[in-house]
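Undergrad: Sending over a structure as structure tokens; questions will come in a sec.
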Amino acid sequence: MFDYKGLTALITGASSGMGAEYARELAAQGSNLVLVARRLDRLEELATELRSAFGVTVTCLDRDLSATGAGRSLAEELLAQGTEIDVLINNAGFGTNGSVAEQDPDAVVNELNVNVVTVTELTTGLLPGMLKRDRGVIINMASLAAFQARANHALYSATKAYVLSFTEALWGETIGTNVRVTAVCPGPIATEFFSVAGTTPPGKPMEVSVPIKAALAAIDARKPFVIVAKPGMRIASKLIRMLPARVALKLGK
Ligand SMILES: NC(=O)c1ccc[n+]([C@@H]2O[C@H](COP(=O)([O-])OP(=O)(O)OC[C@H]3O[C@@H](n4cnc5c(N)ncnc54)[C@H](OP(=O)(O)O)[C@@H]3O)[C@@H](O)[C@H]2O)c1
């Protein structure tokens, strides 16, 4: 099992949902934390809880990861101050709905920046240090949506397909090193995700602890990705790739 004790973990989107749960789990395992999100008050509240419960060091950073170059400047800032990040959890993300034709141009850039560009910039910025120290973990939050393009969810599915593809390739590049990489592909999880997206979950969402335990187990097993969903959805996500695109797109509506 990977030993997180004494390492420093950077967790994006730690003010809510799965990011906050990663923080709790890694603090319980003895990691020091750097927590990032826009809602600093929420991060500070979580930090106070974790410092007192587990005696770990927690730094909170108020950053808008939709800003151009946000991931790159965060990685450079951490490197410049000598903070060695051995565990990177690229968790911040959100989804939008609506047809491609009705998207707001600024909202499109924000979604691509948070879900894709920042994930890539933080990974490329922090991976060299992990390889040099020959230890590290990178967990990238994809989604079941990565497996299926869906009309009226084009951007979100495409961003998560990118995260899955990028992470699988990175997994291939890090074989033979002690840097472990996985992409997590959850179905609906009980977080603020659906209220932020302005939708409702299809069926009863899973508890937030489930994907976090699955992610850490996938790191231990060195899996390139892990699907976290009820059996029906898990099988459907695999079968959908075998259908002709025109059939899959109709089913996904
Ligand atoms: N819940 C699900 O059903 C589900 C399923 C599959 C995959 N996912 C993925 O899992 C990840 C975590 O989502 P969640 O379900 O935990 O949702 P959530 O409760 O809405 O949390 C999203 C987190 O992302 C942060 N974030 C969003 N935009 C940001 C920005 N511009 N700058 C900095 N931080 C930003 C939010 O922090 P602030 O608002 O404070 O900035 C928040 O901490 C996402 O990548 C999501 O796509 C979720």
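Residues are referred to by chain and number: the chain letter is A, B, ... according to the order shown in the structure tokens, the number counts from 1 in that chain, and ligands are numbered separately from 1 in the order shown.
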Considering only C-alpha atoms, return as a list in words whatever protein or nucleic-acid residues lie within 12 Å of Ala158 (chain A), sequence-local ones (same chain, fewer than 5 positions apart) excluded.

TA: Gly95, Thr96, Val100, Val108, Glu111, Leu112, Asn115, Val116, Ala142, Ser143, Leu144, Ala145, Ala146, Phe147, Gln148, Ala149, Arg150, Ala151, Asn152, His153, Val163, Leu164 and Ser165 of chain A

Undergrad: Would you mind listing the residues within 7 Å of ligand 1, counting only C-alpha atoms and all ligand atoms, as a VMD selection string?

TA: chain A and resid 12 to 19 36 to 40 63 to 66 91 to 95 110 114 to 115 141 to 144 185 to 194 196 205

Undergrad: Would you save the residues from that selection as a tab-separated table (two decimals), in the first residue's frame, using N, CA and C atoms?

TA:
chain	number	residue	atom	x	y	z
A	12	THR	N	-6.99	20.15	-5.39
A	12	THR	CA	-7.78	21.25	-5.94
A	12	THR	C	-9.26	20.97	-5.71
A	13	GLY	N	-10.03	22.03	-5.54
A	13	GLY	CA	-11.47	21.87	-5.30
A	13	GLY	C	-11.75	21.20	-3.97
A	14	ALA	N	-11.01	21.62	-2.93
A	14	ALA	CA	-11.15	20.99	-1.61
A	14	ALA	C	-12.20	21.66	-0.74
A	15	SER	N	-12.90	22.65	-1.29
A	15	SER	CA	-13.90	23.37	-0.47
A	15	SER	C	-15.22	22.63	-0.40
A	16	SER	N	-15.34	21.50	-1.09
A	16	SER	CA	-16.63	20.82	-1.19
A	16	SER	C	-16.44	19.38	-1.64
A	17	GLY	N	-17.49	18.59	-1.49
A	17	GLY	CA	-17.61	17.29	-2.12
A	17	GLY	C	-16.40	16.37	-2.01
A	18	MET	N	-15.98	15.85	-3.16
A	18	MET	CA	-14.92	14.84	-3.16
A	18	MET	C	-13.57	15.43	-2.76
A	19	GLY	N	-13.31	16.69	-3.09
A	19	GLY	CA	-12.04	17.31	-2.71
A	19	GLY	C	-11.90	17.37	-1.20
A	36	VAL	N	-6.82	23.98	-2.30
A	36	VAL	CA	-7.06	25.08	-3.26
A	36	VAL	C	-8.52	25.12	-3.67
A	37	ALA	N	-9.10	26.32	-3.70
A	37	ALA	CA	-10.46	26.56	-4.23
A	37	ALA	C	-10.68	28.07	-4.16
A	38	ARG	N	-11.86	28.50	-4.60
A	38	ARG	CA	-12.17	29.94	-4.50
A	38	ARG	C	-12.74	30.29	-3.13
A	39	ARG	N	-13.50	29.36	-2.51
A	39	ARG	CA	-14.15	29.69	-1.23
A	39	ARG	C	-13.20	29.42	-0.07
A	40	LEU	N	-12.40	30.48	0.24
A	40	LEU	CA	-11.36	30.35	1.26
A	40	LEU	C	-11.95	30.05	2.64
A	63	ARG	N	-7.66	30.38	-4.97
A	63	ARG	CA	-7.29	30.53	-6.38
A	63	ARG	C	-8.48	30.24	-7.28
A	64	ASP	N	-8.62	31.05	-8.33
A	64	ASP	CA	-9.63	30.76	-9.35
A	64	ASP	C	-8.92	29.99	-10.47
A	65	LEU	N	-9.20	28.70	-10.55
A	65	LEU	CA	-8.49	27.84	-11.49
A	65	LEU	C	-9.03	27.94	-12.92
A	66	SER	N	-10.00	28.84	-13.12
A	66	SER	CA	-10.47	29.09	-14.49
A	66	SER	C	-9.66	30.22	-15.14
A	91	ASN	N	-8.79	17.57	-8.71
A	91	ASN	CA	-10.19	17.25	-8.42
A	91	ASN	C	-11.16	18.36	-8.84
A	92	ALA	N	-10.73	19.63	-8.80
A	92	ALA	CA	-11.66	20.73	-9.11
A	92	ALA	C	-12.25	20.52	-10.50
A	93	GLY	N	-13.54	20.75	-10.61
A	93	GLY	CA	-14.19	20.61	-11.91
A	93	GLY	C	-15.67	20.91	-11.78
A	94	PHE	N	-16.29	21.15	-12.90
A	94	PHE	CA	-17.74	21.37	-12.89
A	94	PHE	C	-18.29	21.04	-14.27
A	95	GLY	N	-19.62	20.88	-14.30
A	95	GLY	CA	-20.27	20.55	-15.56
A	95	GLY	C	-21.28	21.61	-15.96
A	110	ASN	N	-13.94	29.05	-19.31
A	110	ASN	CA	-13.80	28.71	-17.88
A	110	ASN	C	-13.84	27.19	-17.68
A	114	VAL	N	-10.72	25.01	-16.18
A	114	VAL	CA	-10.74	24.27	-14.91
A	114	VAL	C	-10.59	22.78	-15.16
A	115	ASN	N	-11.38	22.25	-16.09
A	115	ASN	CA	-11.44	20.78	-16.25
A	115	ASN	C	-10.27	20.20	-17.03
A	141	MET	N	-9.48	13.49	-11.60
A	141	MET	CA	-10.91	13.18	-11.56
A	141	MET	C	-11.50	13.32	-12.96
A	142	ALA	N	-11.80	12.16	-13.55
A	142	ALA	CA	-12.55	12.15	-14.82
A	142	ALA	C	-14.01	11.93	-14.45
A	143	SER	N	-14.70	11.04	-15.12
A	143	SER	CA	-16.13	10.81	-14.86
A	143	SER	C	-16.58	9.65	-15.75
A	144	LEU	N	-17.72	9.07	-15.42
A	144	LEU	CA	-18.33	8.12	-16.36
A	144	LEU	C	-18.61	8.81	-17.68
A	185	CYS	N	-13.28	7.57	-12.51
A	185	CYS	CA	-14.46	7.79	-13.35
A	185	CYS	C	-15.73	7.45	-12.57
A	186	PRO	N	-16.21	8.39	-11.76
A	186	PRO	CA	-17.40	8.08	-10.98
A	186	PRO	C	-18.69	8.33	-11.76
A	187	GLY	N	-19.71	7.56	-11.40
A	187	GLY	CA	-21.08	7.91	-11.76
A	187	GLY	C	-21.55	8.95	-10.76
A	188	PRO	N	-22.86	9.14	-10.61
A	188	PRO	CA	-23.36	10.20	-9.72
A	188	PRO	C	-22.93	10.02	-8.26
A	189	ILE	N	-22.36	11.07	-7.68
A	189	ILE	CA	-21.90	11.08	-6.29
A	189	ILE	C	-22.59	12.25	-5.57
A	190	ALA	N	-22.93	12.03	-4.31
A	190	ALA	CA	-23.68	13.05	-3.55
A	190	ALA	C	-22.77	14.20	-3.13
A	191	THR	N	-22.67	15.21	-3.99
A	191	THR	CA	-21.88	16.43	-3.71
A	191	THR	C	-22.69	17.63	-4.22
A	192	GLU	N	-22.02	18.78	-4.28
A	192	GLU	CA	-22.72	19.97	-4.80
A	192	GLU	C	-22.71	20.02	-6.33
A	193	PHE	N	-22.10	19.01	-6.94
A	193	PHE	CA	-21.92	19.02	-8.40
A	193	PHE	C	-23.23	19.31	-9.15
A	194	PHE	N	-24.31	18.64	-8.78
A	194	PHE	CA	-25.56	18.75	-9.55
A	194	PHE	C	-26.23	20.11	-9.33
A	196	VAL	N	-24.59	22.87	-8.69
A	196	VAL	CA	-23.75	23.82	-9.47
A	196	VAL	C	-24.10	23.72	-10.95
A	205	PRO	N	-27.50	9.07	-5.87
A	205	PRO	CA	-26.03	9.17	-5.95
A	205	PRO	C	-25.35	8.33	-4.87

Undergrad: With DSSP run on the backbone, what are the strand (DSSP E) residues within region 78-110 of chain A? I'd like them as a VMD selection string.

TA: chain A and resid 87 to 90

Undergrad: Write out as a list in words the residues lying within 7 Å of Arg72 (chain A), counting only C-alpha atoms and excluding same-chain residues fewer than 3 positions away.

TA: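 Neighbouring residues, sequence-local ones excluded: Gly69, Ala75, Glu76, Glu121, Leu122 and Gly125 of chain A.
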
Undergrad: Filtering to C-alpha atoms, could you give me those residues as a tab-separated table (two decimals), in the first residue's frame?

TA:
chain	number	residue	atom	x	y	z
A	69	GLY	CA	-2.36	30.07	-16.63
A	75	ALA	CA	2.90	24.96	-9.78
A	76	GLU	CA	5.64	27.58	-10.26
A	121	GLU	CA	-0.57	22.49	-16.22
A	122	LEU	CA	-0.43	21.21	-12.65
A	125	GLY	CA	4.50	21.42	-13.58

Undergrad: Could you pull out all residues of region 101-236 of chain A with a DSSP call of alpha helix (DSSP H) and give them as a ChimeraX atom specification?

TA: /A:105-112,118-133,154-174,193-197,209-220,231-236

Undergrad: Write the residues of the selection above to a file with C-alpha atoms, as a short mmCIF file (atom, residue, chain, number, x, y, z; two decimals), in the first residue's frame.

TA:
data_model
loop_
_atom_site.label_atom_id
_atom_site.label_comp_id
_atom_site.auth_asym_id
_atom_site.auth_seq_id
_atom_site.Cartn_x
_atom_site.Cartn_y
_atom_site.Cartn_z
CA PRO A 105 -18.06 32.04 -24.87
CA ASP A 106 -16.61 33.04 -21.47
CA ALA A 107 -18.25 30.07 -19.74
CA VAL A 108 -16.78 27.73 -22.35
CA VAL A 109 -13.25 28.99 -21.65
CA ASN A 110 -13.80 28.71 -17.88
CA GLU A 111 -14.92 25.08 -18.16
CA LEU A 112 -12.04 24.14 -20.44
CA THR A 118 -5.35 23.49 -15.11
CA VAL A 119 -5.24 19.69 -14.74
CA THR A 120 -2.62 19.56 -17.49
CA GLU A 121 -0.57 22.49 -16.22
CA LEU A 122 -0.43 21.21 -12.65
CA THR A 123 0.54 17.76 -13.86
CA THR A 124 3.27 18.95 -16.21
CA GLY A 125 4.50 21.42 -13.58
CA LEU A 126 4.69 18.99 -10.65
CA LEU A 127 5.50 15.65 -12.33
CA PRO A 128 9.23 16.37 -12.95
CA GLY A 129 9.82 16.84 -9.19
CA MET A 130 8.02 13.58 -8.43
CA LEU A 131 10.08 11.72 -11.03
CA LYS A 132 13.28 13.26 -9.68
CA ARG A 133 12.42 12.17 -6.12
CA ALA A 154 -20.84 18.15 -25.10
CA LEU A 155 -18.29 20.21 -23.21
CA TYR A 156 -18.36 18.28 -19.96
CA SER A 157 -18.11 14.85 -21.64
CA ALA A 158 -15.29 16.08 -23.88
CA THR A 159 -13.31 17.54 -20.97
CA LYS A 160 -13.60 14.29 -19.02
CA ALA A 161 -12.68 12.20 -22.08
CA TYR A 162 -9.54 14.35 -22.27
CA VAL A 163 -8.74 13.75 -18.59
CA LEU A 164 -9.13 9.99 -19.03
CA SER A 165 -7.04 9.85 -22.21
CA PHE A 166 -4.33 12.15 -20.78
CA THR A 167 -4.12 10.12 -17.58
CA GLU A 168 -3.97 6.75 -19.33
CA ALA A 169 -1.08 8.01 -21.48
CA LEU A 170 0.66 9.35 -18.38
CA TRP A 171 0.19 5.99 -16.70
CA GLY A 172 2.02 4.46 -19.66
CA GLU A 173 4.85 6.98 -19.32
CA THR A 174 5.34 6.34 -15.61
CA PHE A 193 -21.92 19.02 -8.40
CA PHE A 194 -25.56 18.75 -9.55
CA SER A 195 -26.73 21.98 -7.90
CA VAL A 196 -23.75 23.82 -9.47
CA ALA A 197 -24.62 22.30 -12.87
CA SER A 209 -16.44 8.38 0.58
CA VAL A 210 -16.90 5.63 -2.06
CA PRO A 211 -14.92 7.21 -4.95
CA ILE A 212 -12.14 8.34 -2.61
CA LYS A 213 -11.57 4.83 -1.25
CA ALA A 214 -11.75 3.46 -4.83
CA ALA A 215 -9.19 6.04 -6.03
CA LEU A 216 -6.68 5.16 -3.30
CA ALA A 217 -7.23 1.43 -3.94
CA ALA A 218 -6.60 2.04 -7.66
CA ILE A 219 -3.31 3.74 -6.78
CA ASP A 220 -2.33 0.74 -4.64
CA PRO A 231 -23.00 -2.39 -11.62
CA GLY A 232 -25.61 -1.43 -14.26
CA MET A 233 -23.92 1.90 -15.04
CA ARG A 234 -20.45 0.33 -14.97
CA ILE A 235 -21.42 -2.29 -17.54
CA ALA A 236 -23.29 0.26 -19.67
#

Undergrad: Take CA of Val181 (chain A) and CA of Asn90 (chain A) and report the distance between them in Å, one decimal.

TA: 11.2 Å

Undergrad: Could you tell me how far CA of Ala9 (chain A) sits from CA of Ile89 (chain A), in Å to one decimal place?

TA: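 CA of Ala9 (chain A) lies 7.3 Å from CA of Ile89 (chain A).
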
Undergrad: Which is closer to Val184 (chain A) than all the others in A:Lys238, A:Lys253, A:Lys223, A:Arg42, using only C-alpha atoms?

TA: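 Result for the nearest residue to Val184 (chain A): A:Lys223.
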
Undergrad: Quick one: everything within 10 Å of region 27-29 of chain A, counting only C-alpha atoms, minus sequence neighbours fewer than 5 positions away in the same chain. Send it as a PyMOL selection string.

TA: chain A and resi 3-9+21-22+47+50-51+53-58
